[in-house]
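*Asks:* Just data.pdb, nothing more (PDB, C-alpha atoms):
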```pdb
ATOM      1  CA  MET A   1       8.218 -18.925  10.394
ATOM      2  CA  ASN A   2      10.958 -16.376   9.703
ATOM      3  CA  ASP A   3      13.950 -17.051  11.982
ATOM      4  CA  ASN A   4      14.223 -13.336  12.687
ATOM      5  CA  LEU A   5      10.624 -13.286  13.876
ATOM      6  CA  LYS A   6      11.426 -16.181  16.217
ATOM      7  CA  GLU A   7      14.458 -14.333  17.568
ATOM      8  CA  ASN A   8      12.432 -11.145  17.976
ATOM      9  CA  PRO A   9       8.861 -12.159  18.945
ATOM     10  CA  LYS A  10       7.982  -8.521  19.659
ATOM     11  CA  LEU A  11       8.236  -7.643  15.940
ATOM     12  CA  ASN A  12       4.718  -8.816  15.056
ATOM     13  CA  THR A  13       3.231  -7.437  18.286
ATOM     14  CA  ASN A  14       4.813  -4.009  17.804
ATOM     15  CA  ARG A  15       3.774  -3.999  14.155
ATOM     16  CA  GLU A  16       0.154  -4.662  15.082
ATOM     17  CA  LYS A  17       0.190  -2.004  17.824
ATOM     18  CA  ILE A  18       1.535   0.644  15.435
ATOM     19  CA  ALA A  19      -1.067  -0.235  12.771
ATOM     20  CA  VAL A  20      -3.928  -0.277  15.296
ATOM     21  CA  ARG A  21      -2.876   3.068  16.791
ATOM     22  CA  ALA A  22      -2.580   4.663  13.337
ATOM     23  CA  SER A  23      -5.985   3.315  12.349
ATOM     24  CA  TRP A  24      -7.682   4.697  15.456
ATOM     25  CA  VAL A  25      -6.048   8.103  14.974
ATOM     26  CA  GLY A  26      -7.403   8.102  11.425
ATOM     27  CA  ILE A  27     -10.880   7.092  12.565
ATOM     28  CA  VAL A  28     -11.092   9.841  15.213
ATOM     29  CA  VAL A  29      -9.625  12.681  13.108
ATOM     30  CA  ASN A  30     -11.554  11.790   9.954
ATOM     31  CA  GLY A  31     -14.717  11.262  11.979
ATOM     32  CA  LEU A  32     -14.539  14.804  13.337
ATOM     33  CA  LEU A  33     -13.702  16.261   9.924
ATOM     34  CA  ALA A  34     -16.506  14.346   8.192
ATOM     35  CA  PHE A  35     -19.052  15.453  10.806
ATOM     36  CA  PHE A  36     -18.212  19.147  10.467
ATOM     37  CA  LYS A  37     -17.937  19.006   6.662
ATOM     38  CA  LEU A  38     -21.350  17.374   6.368
ATOM     39  CA  LEU A  39     -22.819  19.887   8.833
ATOM     40  CA  ILE A  40     -21.338  22.821   6.907
ATOM     41  CA  SER A  41     -22.446  21.370   3.574
ATOM     42  CA  PHE A  42     -26.062  21.311   4.847
ATOM     43  CA  ILE A  43     -25.770  24.860   6.231
ATOM     44  CA  THR A  44     -24.124  26.353   3.143
ATOM     45  CA  GLY A  45     -25.405  24.145   0.315
ATOM     46  CA  SER A  46     -21.868  23.793  -1.084
ATOM     47  CA  MET A  47     -21.495  20.794  -3.397
ATOM     48  CA  ALA A  48     -17.700  20.991  -3.177
ATOM     49  CA  ILE A  49     -17.589  20.634   0.606
ATOM     50  CA  LEU A  50     -20.222  17.866   0.401
ATOM     51  CA  ALA A  51     -17.926  16.025  -2.040
ATOM     52  CA  ASP A  52     -15.030  16.554   0.358
ATOM     53  CA  ALA A  53     -17.193  15.270   3.232
ATOM     54  CA  ILE A  54     -18.065  12.092   1.327
ATOM     55  CA  ASP A  55     -14.378  11.588   0.537
ATOM     56  CA  THR A  56     -13.492  12.000   4.215
ATOM     57  CA  SER A  57     -16.275   9.583   5.196
ATOM     58  CA  THR A  58     -14.690   6.915   2.990
ATOM     59  CA  ASP A  59     -11.452   7.523   4.910
ATOM     60  CA  ILE A  60     -13.204   6.355   8.078
ATOM     61  CA  ILE A  61     -14.101   3.117   6.300
ATOM     62  CA  THR A  62     -10.518   2.688   5.091
ATOM     63  CA  SER A  63      -9.165   3.140   8.619
ATOM     64  CA  ILE A  64     -11.631   0.575   9.995
ATOM     65  CA  LEU A  65     -10.703  -1.931   7.271
ATOM     66  CA  THR A  66      -7.002  -1.293   7.897
ATOM     67  CA  LEU A  67      -7.627  -2.006  11.573
ATOM     68  CA  VAL A  68      -9.290  -5.317  10.687
ATOM     69  CA  ALA A  69      -6.450  -6.214   8.310
ATOM     70  CA  ALA A  70      -3.820  -5.566  10.982
ATOM     71  CA  LYS A  71      -5.587  -7.987  13.328
ATOM     72  CA  ILE A  72      -5.982 -10.745  10.730
ATOM     73  CA  SER A  73      -2.600 -10.497   9.000
ATOM     74  CA  ASN A  74      -0.607 -11.066  12.192
ATOM     75  CA  ARG A  75      -2.227 -14.420  12.939
ATOM     76  CA  PRO A  76       0.189 -17.368  12.603
ATOM     77  CA  ALA A  77      -0.105 -19.920   9.795
ATOM     78  CA  ASP A  78      -2.538 -22.779  10.395
ATOM     79  CA  GLU A  79      -3.956 -25.837   8.627
ATOM     80  CA  SER A  80      -6.347 -23.731   6.566
ATOM     81  CA  HIS A  81      -3.763 -21.055   5.741
ATOM     82  CA  PRO A  82      -0.316 -22.730   5.585
ATOM     83  CA  PHE A  83       1.229 -19.609   4.004
ATOM     84  CA  GLY A  84      -0.084 -17.373   6.784
ATOM     85  CA  HIS A  85      -2.705 -14.584   6.845
ATOM     86  CA  GLU A  86      -0.593 -11.665   5.608
ATOM     87  CA  ARG A  87      -2.444 -11.336   2.308
ATOM     88  CA  ALA A  88      -5.475 -10.104   4.269
ATOM     89  CA  GLU A  89      -3.899  -6.652   3.915
ATOM     90  CA  THR A  90      -3.907  -6.975   0.131
ATOM     91  CA  ILE A  91      -7.555  -8.054   0.161
ATOM     92  CA  VAL A  92      -8.469  -5.103   2.379
ATOM     93  CA  THR A  93      -6.610  -2.698   0.080
ATOM     94  CA  LYS A  94      -8.559  -4.125  -2.855
ATOM     95  CA  VAL A  95     -11.844  -3.528  -0.994
ATOM     96  CA  LEU A  96     -10.694   0.018  -0.148
ATOM     97  CA  SER A  97     -10.089   0.722  -3.829
ATOM     98  CA  LEU A  98     -13.633  -0.326  -4.728
ATOM     99  CA  VAL A  99     -15.105   1.810  -1.927
ATOM    100  CA  ILE A 100     -13.111   4.827  -3.119
ATOM    101  CA  ILE A 101     -14.083   4.281  -6.782
ATOM    102  CA  TYR A 102     -17.772   4.102  -5.793
ATOM    103  CA  ALA A 103     -17.489   7.271  -3.677
ATOM    104  CA  GLY A 104     -15.819   9.141  -6.534
ATOM    105  CA  PHE A 105     -18.582   8.084  -8.936
ATOM    106  CA  GLN A 106     -21.337   9.199  -6.568
ATOM    107  CA  VAL A 107     -19.701  12.588  -6.009
ATOM    108  CA  LEU A 108     -19.315  13.059  -9.774
ATOM    109  CA  ILE A 109     -23.019  12.376 -10.397
ATOM    110  CA  GLY A 110     -24.083  14.871  -7.704
ATOM    111  CA  ALA A 111     -21.729  17.576  -8.955
ATOM    112  CA  VAL A 112     -22.798  17.230 -12.593
ATOM    113  CA  GLN A 113     -26.480  17.365 -11.604
ATOM    114  CA  SER A 114     -25.839  20.526  -9.584
ATOM    115  CA  LEU A 115     -24.066  22.119 -12.552
ATOM    116  CA  PHE A 116     -26.880  21.343 -14.971
ATOM    117  CA  ASN A 117     -29.568  22.403 -12.494
ATOM    118  CA  ARG A 118     -27.675  25.696 -11.921
ATOM    119  CA  ASN A 119     -27.933  25.253  -8.161
ATOM    120  CA  PHE A 120     -25.037  27.567  -7.285
ATOM    121  CA  LEU A 121     -26.010  29.578  -4.202
ATOM    122  CA  ILE A 122     -23.801  29.071  -1.114
ATOM    123  CA  GLU A 123     -24.897  30.352   2.293
ATOM    124  CA  ARG A 124     -22.193  31.502   4.739
ATOM    125  CA  PRO A 125     -19.296  30.671   2.367
ATOM    126  CA  TYR A 126     -16.703  31.575   5.021
ATOM    127  CA  LEU A 127     -17.609  28.373   6.853
ATOM    128  CA  VAL A 128     -16.435  26.448   3.761
ATOM    129  CA  LEU A 129     -13.216  28.477   3.760
ATOM    130  CA  TRP A 130     -12.370  27.689   7.373
ATOM    131  CA  ILE A 131     -13.212  23.984   7.312
ATOM    132  CA  SER A 132     -11.090  23.607   4.161
ATOM    133  CA  LEU A 133      -8.091  25.194   5.904
ATOM    134  CA  ILE A 134      -8.548  22.976   8.963
ATOM    135  CA  SER A 135      -8.893  19.902   6.727
ATOM    136  CA  ILE A 136      -5.648  20.658   4.860
ATOM    137  CA  VAL A 137      -3.667  20.875   8.101
ATOM    138  CA  ALA A 138      -5.291  17.768   9.621
ATOM    139  CA  LYS A 139      -4.899  15.668   6.451
ATOM    140  CA  TYR A 140      -1.233  16.609   6.108
ATOM    141  CA  GLY A 141      -0.604  15.506   9.689
ATOM    142  CA  LEU A 142      -2.411  12.210   9.066
ATOM    143  CA  TYR A 143      -0.480  11.619   5.827
ATOM    144  CA  LYS A 144       2.941  12.078   7.485
ATOM    145  CA  TYR A 145       1.975   9.951  10.482
ATOM    146  CA  LYS A 146       0.391   7.060   8.563
ATOM    147  CA  TYR A 147       3.030   6.984   5.829
ATOM    148  CA  SER A 148       5.793   6.736   8.428
ATOM    149  CA  ALA A 149       3.916   4.007  10.328
ATOM    150  CA  GLY A 150       3.174   2.090   7.102
ATOM    151  CA  ASN A 151       6.794   2.110   5.925
ATOM    152  CA  LYS A 152       8.051   1.174   9.371
ATOM    153  CA  THR A 153       5.785  -1.875   9.530
ATOM    154  CA  LYS A 154       5.753  -2.787   5.798
ATOM    155  CA  ASN A 155       1.957  -2.489   5.934
ATOM    156  CA  SER A 156       0.622  -2.039   2.375
ATOM    157  CA  SER A 157      -2.918  -1.112   3.419
ATOM    158  CA  LEU A 158      -1.588   1.518   5.868
ATOM    159  CA  VAL A 159       0.663   3.017   3.183
ATOM    160  CA  ALA A 160      -2.294   3.040   0.766
ATOM    161  CA  ASP A 161      -4.381   4.802   3.413
ATOM    162  CA  ALA A 162      -1.592   7.368   3.910
ATOM    163  CA  LEU A 163      -1.383   8.081   0.172
ATOM    164  CA  ASN A 164      -5.138   8.569   0.203
ATOM    165  CA  MET A 165      -4.632  11.175   2.965
ATOM    166  CA  ARG A 166      -2.086  12.937   0.748
ATOM    167  CA  ASN A 167      -4.573  13.112  -2.110
ATOM    168  CA  ASP A 168      -7.157  14.449   0.325
ATOM    169  CA  ILE A 169      -4.893  17.470   0.834
ATOM    170  CA  LEU A 170      -5.319  18.254  -2.869
ATOM    171  CA  THR A 171      -9.047  17.718  -2.504
ATOM    172  CA  SER A 172      -9.385  20.202   0.366
ATOM    173  CA  LEU A 173      -7.008  22.599  -1.382
ATOM    174  CA  SER A 174      -9.244  22.504  -4.466
ATOM    175  CA  VAL A 175     -12.259  23.336  -2.306
ATOM    176  CA  LEU A 176     -10.305  26.183  -0.673
ATOM    177  CA  ILE A 177      -9.262  27.664  -4.018
ATOM    178  CA  GLY A 178     -12.810  27.296  -5.325
ATOM    179  CA  ILE A 179     -14.387  29.147  -2.404
ATOM    180  CA  ILE A 180     -11.766  31.924  -2.678
ATOM    181  CA  PHE A 181     -12.729  32.375  -6.344
ATOM    182  CA  TYR A 182     -16.398  32.262  -5.361
ATOM    183  CA  LEU A 183     -15.888  35.043  -2.808
ATOM    184  CA  SER A 184     -13.443  37.156  -4.808
ATOM    185  CA  PHE A 185     -14.839  37.008  -8.345
ATOM    186  CA  ASP A 186     -18.476  36.009  -7.783
ATOM    187  CA  LEU A 187     -18.025  32.860  -9.912
ATOM    188  CA  LEU A 188     -21.128  31.038  -8.708
ATOM    189  CA  TRP A 189     -20.565  27.927 -10.863
ATOM    190  CA  ILE A 190     -17.043  27.306  -9.521
ATOM    191  CA  ASP A 191     -18.308  25.261  -6.557
ATOM    192  CA  SER A 192     -19.852  22.588  -8.806
ATOM    193  CA  VAL A 193     -16.759  22.513 -11.027
ATOM    194  CA  VAL A 194     -14.519  21.992  -7.984
ATOM    195  CA  ALA A 195     -16.806  19.146  -6.854
ATOM    196  CA  ILE A 196     -16.301  17.480 -10.246
ATOM    197  CA  ILE A 197     -12.516  17.904  -9.938
ATOM    198  CA  VAL A 198     -12.628  16.402  -6.438
ATOM    199  CA  SER A 199     -14.581  13.402  -7.732
ATOM    200  CA  ILE A 200     -11.911  12.812 -10.389
ATOM    201  CA  PHE A 201      -9.213  12.886  -7.680
ATOM    202  CA  ILE A 202     -11.144  10.329  -5.651
ATOM    203  CA  PHE A 203     -11.778   8.082  -8.657
ATOM    204  CA  LYS A 204      -8.098   8.218  -9.732
ATOM    205  CA  VAL A 205      -6.845   7.127  -6.302
ATOM    206  CA  GLY A 206      -9.264   4.189  -6.253
ATOM    207  CA  VAL A 207      -8.243   2.981  -9.719
ATOM    208  CA  GLU A 208      -4.515   3.207  -8.884
ATOM    209  CA  MET A 209      -5.023   1.197  -5.686
ATOM    210  CA  PHE A 210      -7.053  -1.403  -7.595
ATOM    211  CA  ILE A 211      -4.299  -1.863 -10.204
ATOM    212  CA  GLU A 212      -1.537  -2.041  -7.581
ATOM    213  CA  THR A 213      -3.256  -4.789  -5.586
ATOM    214  CA  SER A 214      -4.038  -6.677  -8.800
ATOM    215  CA  ASP A 215      -0.302  -6.771  -9.526
ATOM    216  CA  GLU A 216       0.339  -8.280  -6.100
ATOM    217  CA  PHE A 217      -2.361 -10.922  -6.535
ATOM    218  CA  MET A 218      -0.851 -11.834  -9.915
ATOM    219  CA  GLY A 219       2.641 -12.167  -8.420
ATOM    220  CA  SER A 220       4.115  -9.160 -10.228
ATOM    221  CA  SER A 221       7.804  -8.702  -9.452
ATOM    222  CA  LYS A 222       8.565  -5.227 -10.807
ATOM    223  CA  GLU A 223       8.426  -3.564  -7.372
ATOM    224  CA  LEU A 224      10.581  -6.228  -5.674
ATOM    225  CA  GLY A 225      14.015  -5.236  -6.980
ATOM    226  CA  GLU A 226      15.532  -4.815  -3.514
ATOM    227  CA  ILE A 227      14.583  -8.381  -2.555
ATOM    228  CA  TYR A 228      16.137  -9.794  -5.732
ATOM    229  CA  TYR A 229      19.377  -7.929  -5.025
ATOM    230  CA  ASN A 230      19.290  -9.266  -1.453
ATOM    231  CA  ILE A 231      19.143 -12.790  -2.905
ATOM    232  CA  LEU A 232      22.120 -12.222  -5.217
ATOM    233  CA  ASP A 233      24.166 -10.697  -2.378
ATOM    234  CA  ALA A 234      23.353 -13.594  -0.053
ATOM    235  CA  VAL A 235      24.348 -16.303  -2.573
ATOM    236  CA  GLU A 236      27.552 -14.503  -3.594
ATOM    237  CA  LYS A 237      28.825 -14.726  -0.003
ATOM    238  CA  PHE A 238      29.283 -18.492  -0.410
ATOM    239  CA  ASP A 239      32.068 -19.749  -2.680
ATOM    240  CA  LYS A 240      30.512 -23.169  -3.127
ATOM    241  CA  ALA A 241      27.190 -21.852  -4.483
ATOM    242  CA  TYR A 242      27.044 -21.086  -8.201
ATOM    243  CA  ASN A 243      24.657 -19.698 -10.786
ATOM    244  CA  PRO A 244      21.596 -18.616  -8.756
ATOM    245  CA  HIS A 245      18.685 -18.844 -11.195
ATOM    246  CA  LYS A 246      14.963 -19.453 -11.479
ATOM    247  CA  ILE A 247      14.677 -16.846  -8.717
ATOM    248  CA  ARG A 248      11.108 -15.882  -7.879
ATOM    249  CA  VAL A 249       9.651 -13.723  -5.126
ATOM    250  CA  ARG A 250       6.019 -13.478  -4.034
ATOM    251  CA  LYS A 251       4.726 -10.665  -1.860
ATOM    252  CA  ALA A 252       1.917 -11.453   0.571
ATOM    253  CA  GLY A 253       0.887  -8.404   2.564
ATOM    254  CA  TYR A 254       4.058  -7.336   4.334
ATOM    255  CA  VAL A 255       6.108 -10.553   3.944
ATOM    256  CA  TYR A 256       7.911 -12.230   1.056
ATOM    257  CA  PHE A 257       8.257 -15.826  -0.105
ATOM    258  CA  VAL A 258      11.455 -16.641  -2.015
ATOM    259  CA  GLU A 259      12.275 -19.532  -4.361
ATOM    260  CA  LEU A 260      15.572 -20.087  -6.179
ATOM    261  CA  HIS A 261      17.845 -22.709  -7.702
ATOM    262  CA  ILE A 262      21.599 -22.886  -7.099
ATOM    263  CA  GLU A 263      24.304 -25.143  -8.542
ATOM    264  CA  VAL A 264      26.975 -26.949  -6.519
ATOM    265  CA  ASP A 265      29.816 -29.359  -7.266
ATOM    266  CA  GLU A 266      28.298 -32.656  -8.352
ATOM    267  CA  HIS A 267      30.457 -34.571  -5.830
ATOM    268  CA  MET A 268      29.197 -32.541  -2.861
ATOM    269  CA  ALA A 269      27.523 -34.693  -0.183
ATOM    270  CA  VAL A 270      23.786 -34.246   0.351
ATOM    271  CA  LYS A 271      24.313 -33.071   3.943
ATOM    272  CA  GLU A 272      26.875 -30.476   2.876
ATOM    273  CA  ALA A 273      24.547 -29.211   0.122
ATOM    274  CA  ASN A 274      21.694 -29.011   2.628
ATOM    275  CA  ASP A 275      23.874 -27.102   5.106
ATOM    276  CA  LEU A 276      24.900 -24.680   2.342
ATOM    277  CA  ALA A 277      21.261 -24.016   1.422
ATOM    278  CA  SER A 278      20.448 -23.461   5.104
ATOM    279  CA  GLU A 279      23.282 -20.947   5.450
ATOM    280  CA  ILE A 280      22.096 -19.045   2.377
ATOM    281  CA  GLU A 281      18.566 -18.966   3.782
ATOM    282  CA  LYS A 282      19.838 -17.681   7.127
ATOM    283  CA  GLU A 283      21.912 -14.977   5.426
ATOM    284  CA  LEU A 284      18.959 -13.859   3.328
ATOM    285  CA  LYS A 285      16.602 -13.616   6.290
ATOM    286  CA  GLU A 286      19.172 -11.597   8.189
ATOM    287  CA  LYS A 287      19.306  -9.142   5.284
ATOM    288  CA  ASN A 288      15.548  -8.707   5.310
ATOM    289  CA  PRO A 289      13.482  -9.734   8.378
ATOM    290  CA  TYR A 290      10.276  -9.641   6.303
ATOM    291  CA  ILE A 291      11.340 -12.614   4.185
ATOM    292  CA  LYS A 292       9.134 -15.279   5.728
ATOM    293  CA  ASP A 293      10.165 -18.424   3.847
ATOM    294  CA  VAL A 294      12.916 -19.484   1.437
ATOM    295  CA  ILE A 295      12.967 -22.601  -0.755
ATOM    296  CA  ILE A 296      16.332 -23.427  -2.339
ATOM    297  CA  HIS A 297      16.610 -26.167  -4.958
ATOM    298  CA  VAL A 298      20.148 -27.597  -5.375
ATOM    299  CA  GLU A 299      21.414 -28.795  -8.771
ATOM    300  CA  PRO A 300      24.771 -30.172 -10.005
ATOM    301  CA  LEU A 301      27.113 -27.597 -11.568
ATOM    302  CA  GLY A 302      26.408 -27.088 -15.264
ATOM    303  CA  ASN A 303      22.946 -28.660 -15.077
ATOM    304  CA  LYS A 304      20.855 -28.130 -18.206
ATOM    305  CA  GLU A 305      17.109 -28.652 -18.193
ATOM    306  CA  LYS A 306      13.968 -26.883 -19.321
ATOM    307  CA  GLU A 307      12.570 -24.885 -16.411
ATOM    308  CA  GLU A 308       9.661 -22.554 -15.749
ATOM    309  CA  PHE A 309      10.318 -18.817 -15.852
ATOM    310  CA  GLY A 310      12.509 -17.274 -13.181
ATOM    311  CA  PHE A 311      15.137 -14.534 -12.901
ATOM    312  CA  ASP A 312      18.905 -15.013 -12.960
ATOM    313  CA  LYS A 313      21.739 -12.598 -12.206
ATOM    314  CA  ASN A 314      21.736 -11.004 -15.652
ATOM    315  CA  SER A 315      17.972 -10.502 -15.899
ATOM    316  CA  ILE A 316      17.807  -9.056 -12.374
ATOM    317  CA  LYS A 317      20.477  -6.472 -13.167
ATOM    318  CA  ARG A 318      18.790  -5.672 -16.477
ATOM    319  CA  ILE A 319      15.251  -5.297 -15.122
ATOM    320  CA  PHE A 320      15.898  -4.012 -11.600
ATOM    321  CA  TYR A 321      18.968  -1.875 -12.321
ATOM    322  CA  LYS A 322      19.798   0.200  -9.224
TER
END
```
As a first step, turn the structure in this file into structure tokens.
*Replies:*
Amino acid sequence: MNDNLKENPKLNTNREKIAVRASWVGIVVNGLLAFFKLLISFITGSMAILADAIDTSTDIITSILTLVAAKISNRPADESHPFGHERAETIVTKVLSLVIIYAGFQVLIGAVQSLFNRNFLIERPYLVLWISLISIVAKYGLYKYKYSAGNKTKNSSLVADALNMRNDILTSLSVLIGIIFYLSFDLLWIDSVVAIIVSIFIFKVGVEMFIETSDEFMGSSKELGEIYYNILDAVEKFDKAYNPHKIRVRKAGYVYFVELHIEVDEHMAVKEANDLASEIEKELKEKNPYIKDVIIHVEPLGNKEKEEFGFDKNSIKRIFYK
């Protein structure tokens, strides 16, 4: 377990509390919004507000799944999961993406059918106007709150949920603009067109989340530049450690696993080399408390051998240039 987590046992507990609180806030606020949007969609017959209601309903599911992920990911490592349970958040985010993609597809089908059937009449359109305004304000508040909580806790599923809230602002804004055009210019077809636009927004968010989590499952390193620079800075603090290479970082939920090779004087005693590696590990974990485990392989200075892919100082500065 990360030494910093041992020194500060409240870190995991506080992280879970923040995630749970944010999830419940999302469930309550989105639940109220979804209820009133669905009610108004039945009263008015607006396809656009129905699309927005379905989108908001998926947000309730995302908050529930985020809540589940927060509970699972903070469990300690065990015999069945020696690397821990943190990747539960990545799995949940992947499920969220599929739910959102499905919702977007369903909304698109309904909107296109409405357009072709020329079912344009909206009863009491001012109800659509007011619920759209309320939704914009509520979604903006949720976005700011969840995004802050997600960044504070390094919770990928919470950040993904927050970004979904941000896109929901555009969704409700589209509905608002559509109903204003409907009222001002008597453009009866605009409601179905807005519903189609909303479905594209929903679908786009789902696809982006799916791709992002796929990168994490595949061990992509392009978003981990800060961690790689942390590694270089930590090694450079020790005069007896040379040529950090074959550096690789894996992200699992909110924690990171680090592997690297260093070179030392070939006459250095095994104990001294081990102590040096331990000091580098300690330094690295102090730089970033979310680095859970570090494996350092020690080689004699000038060692030449064929190795699997990994980054060195030059490739890190080339790829992850600050």
*Asks:* With the PyMOL selection byres ((chain A and resi 258-269) around 10) as the selection, what would be picked from this file? Answer as a PyMOL selection string, please.
*Replies:* chain A and resi 227-228+231+235+239-251+256-257+270-277+281+284+291-303+310-312
*Asks:* When you draw a straight line from CA of Ala149 (chain A) to CA of Ala88 (chain A), how long is it in Å?
*Replies:*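 Separation of CA of Ala149 (chain A) and CA of Ala88 (chain A): 18.0 Å.
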*Asks:* When you draw a straight line from CA of Arg15 (chain A) to CA of Ile101 (chain A), how long is it in Å?
*Replies:*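 Value for the CA of Arg15 (chain A)-CA of Ile101 (chain A) distance: 28.7 Å.
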*Asks:* Applying the PyMOL selection byres ((chain A and resi 21) around 12) to the file I just gave you, which residues come out? Please list them as a ChimeraX atom specification.
*Replies:* /A:14-20,22-28,63-64,66-67,70-71,142,145-146,149-150,158
*Asks:* Can you list, as a ChimeraX atom specification, the residues that the PyMOL selection byres ((chain A and resi 135) around 9) selects here?
*Replies:* /A:33,130-134,136-140,168-169,172-173
*Asks:* Can you report as lines of an AutoDock Vina configuration file the centre and edge lengths in Å, to one decimal, of an axis-aligned box around the listed atoms of region 33-46 of chain A padded with 8 Å on each side?
*Replies:*
```
center_x = -19.9
center_y = 20.3
center_z = 4.9
size_x = 28.4
size_y = 28.0
size_z = 27.9
```
*Asks:* Using all atoms listed in the file, can you tell me which of A:Val205, A:Ser278, A:Asp55, A:Tyr147 comes closest to Ala234 (chain A)?
*Replies:*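 Selected residue with least distance to Ala234 (chain A): A:Ser278.
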*Asks:* Quick check, in Å to one decimal: how far apart do CA of Ile200 (chain A) and CA of Ala103 (chain A) lie?
*Replies:* 10.3 Å
*Asks:* Using all atoms listed in the file, find the one residue out of A:Pro125, A:Gly31, A:Gly110, A:Gly104 that sits nearest to Thr44 (chain A).
*Replies:*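 Looking only at the distances to Thr44 (chain A), the closest residue turns out to be A:Pro125.
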*Asks:* Mind checking which residues fall within 12 Å of Ser148 (chain A), counting all atoms listed in the file, ignoring those fewer than 3 positions away in the same chain, and posting them as a ChimeraX atom specification?
*Replies:* /A:18-19,22,141-145,151-156,158-163
*Asks:* Which residue, A:His85, A:Arg124, A:Lys287, A:Lys94, has the smallest gap to Glu226 (chain A) when you use only C-alpha atoms?
*Replies:* A:Lys287
*Asks:* Can you pull out every residue within 10 Å of Val112 (chain A), counting only C-alpha atoms, but drop anything in the same chain fewer than 2 positions away, and send it as an mmCIF file with C-alpha atoms, in the coordinates of the input?
*Replies:*
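Saved file selection.cif follows:
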```cif
data_model
loop_
_atom_site.group_PDB
_atom_site.id
_atom_site.type_symbol
_atom_site.label_atom_id
_atom_site.label_comp_id
_atom_site.auth_asym_id
_atom_site.auth_seq_id
_atom_site.Cartn_x
_atom_site.Cartn_y
_atom_site.Cartn_z
ATOM 1 C CA MET A 47 -21.495 20.794 -3.397
ATOM 2 C CA VAL A 107 -19.701 12.588 -6.009
ATOM 3 C CA LEU A 108 -19.315 13.059 -9.774
ATOM 4 C CA ILE A 109 -23.019 12.376 -10.397
ATOM 5 C CA GLY A 110 -24.083 14.871 -7.704
ATOM 6 C CA SER A 114 -25.839 20.526 -9.584
ATOM 7 C CA LEU A 115 -24.066 22.119 -12.552
ATOM 8 C CA PHE A 116 -26.880 21.343 -14.971
ATOM 9 C CA ASN A 117 -29.568 22.403 -12.494
ATOM 10 C CA ARG A 118 -27.675 25.696 -11.921
ATOM 11 C CA SER A 192 -19.852 22.588 -8.806
ATOM 12 C CA VAL A 193 -16.759 22.513 -11.027
ATOM 13 C CA ALA A 195 -16.806 19.146 -6.854
ATOM 14 C CA ILE A 196 -16.301 17.480 -10.246
#
```
*Asks:* With all atoms listed in the file as the atoms that count, which of A:Ser41, A:Gln106, A:Ser174, A:Gln113 lies nearest to Ser199 (chain A)?
*Replies:* A:Gln106
*Asks:* Taking only C-alpha atoms into account, name the residue in A:Leu176, A:Arg87, A:Lys285, A:Ser184 that is nearest to Ala252 (chain A).
*Replies:*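 Going through A:Leu176, A:Arg87, A:Lys285, A:Ser184 one by one, the smallest distance to Ala252 (chain A) is for A:Arg87.
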*Asks:* Would you mind listing what lies within 8 Å of Ile61 (chain A) as a list in words, with only C-alpha atoms counted and same-chain residues fewer than 4 positions away left out?
*Replies:*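 In the requested form, the answer reads Ser57, Leu65 and Leu96 of chain A.
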*Asks:* Any chance you can output those residues with C-alpha atoms as an mmCIF file, in the frame of the given file?
*Replies:*
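Result written to again-v9.cif:
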```
data_model
loop_
_atom_site.group_PDB
_atom_site.id
_atom_site.type_symbol
_atom_site.label_atom_id
_atom_site.label_comp_id
_atom_site.auth_asym_id
_atom_site.auth_seq_id
_atom_site.Cartn_x
_atom_site.Cartn_y
_atom_site.Cartn_z
ATOM 1 C CA SER A 57 -16.275 9.583 5.196
ATOM 2 C CA LEU A 65 -10.703 -1.931 7.271
ATOM 3 C CA LEU A 96 -10.694 0.018 -0.148
#
```
*Asks:* Which is closest to Thr93 (chain A) among A:Val128, A:Leu183, A:Ile43, A:Met209, if we use all atoms listed in the file?
*Replies:*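 Distance minimum relative to Thr93 (chain A) lands on A:Met209.
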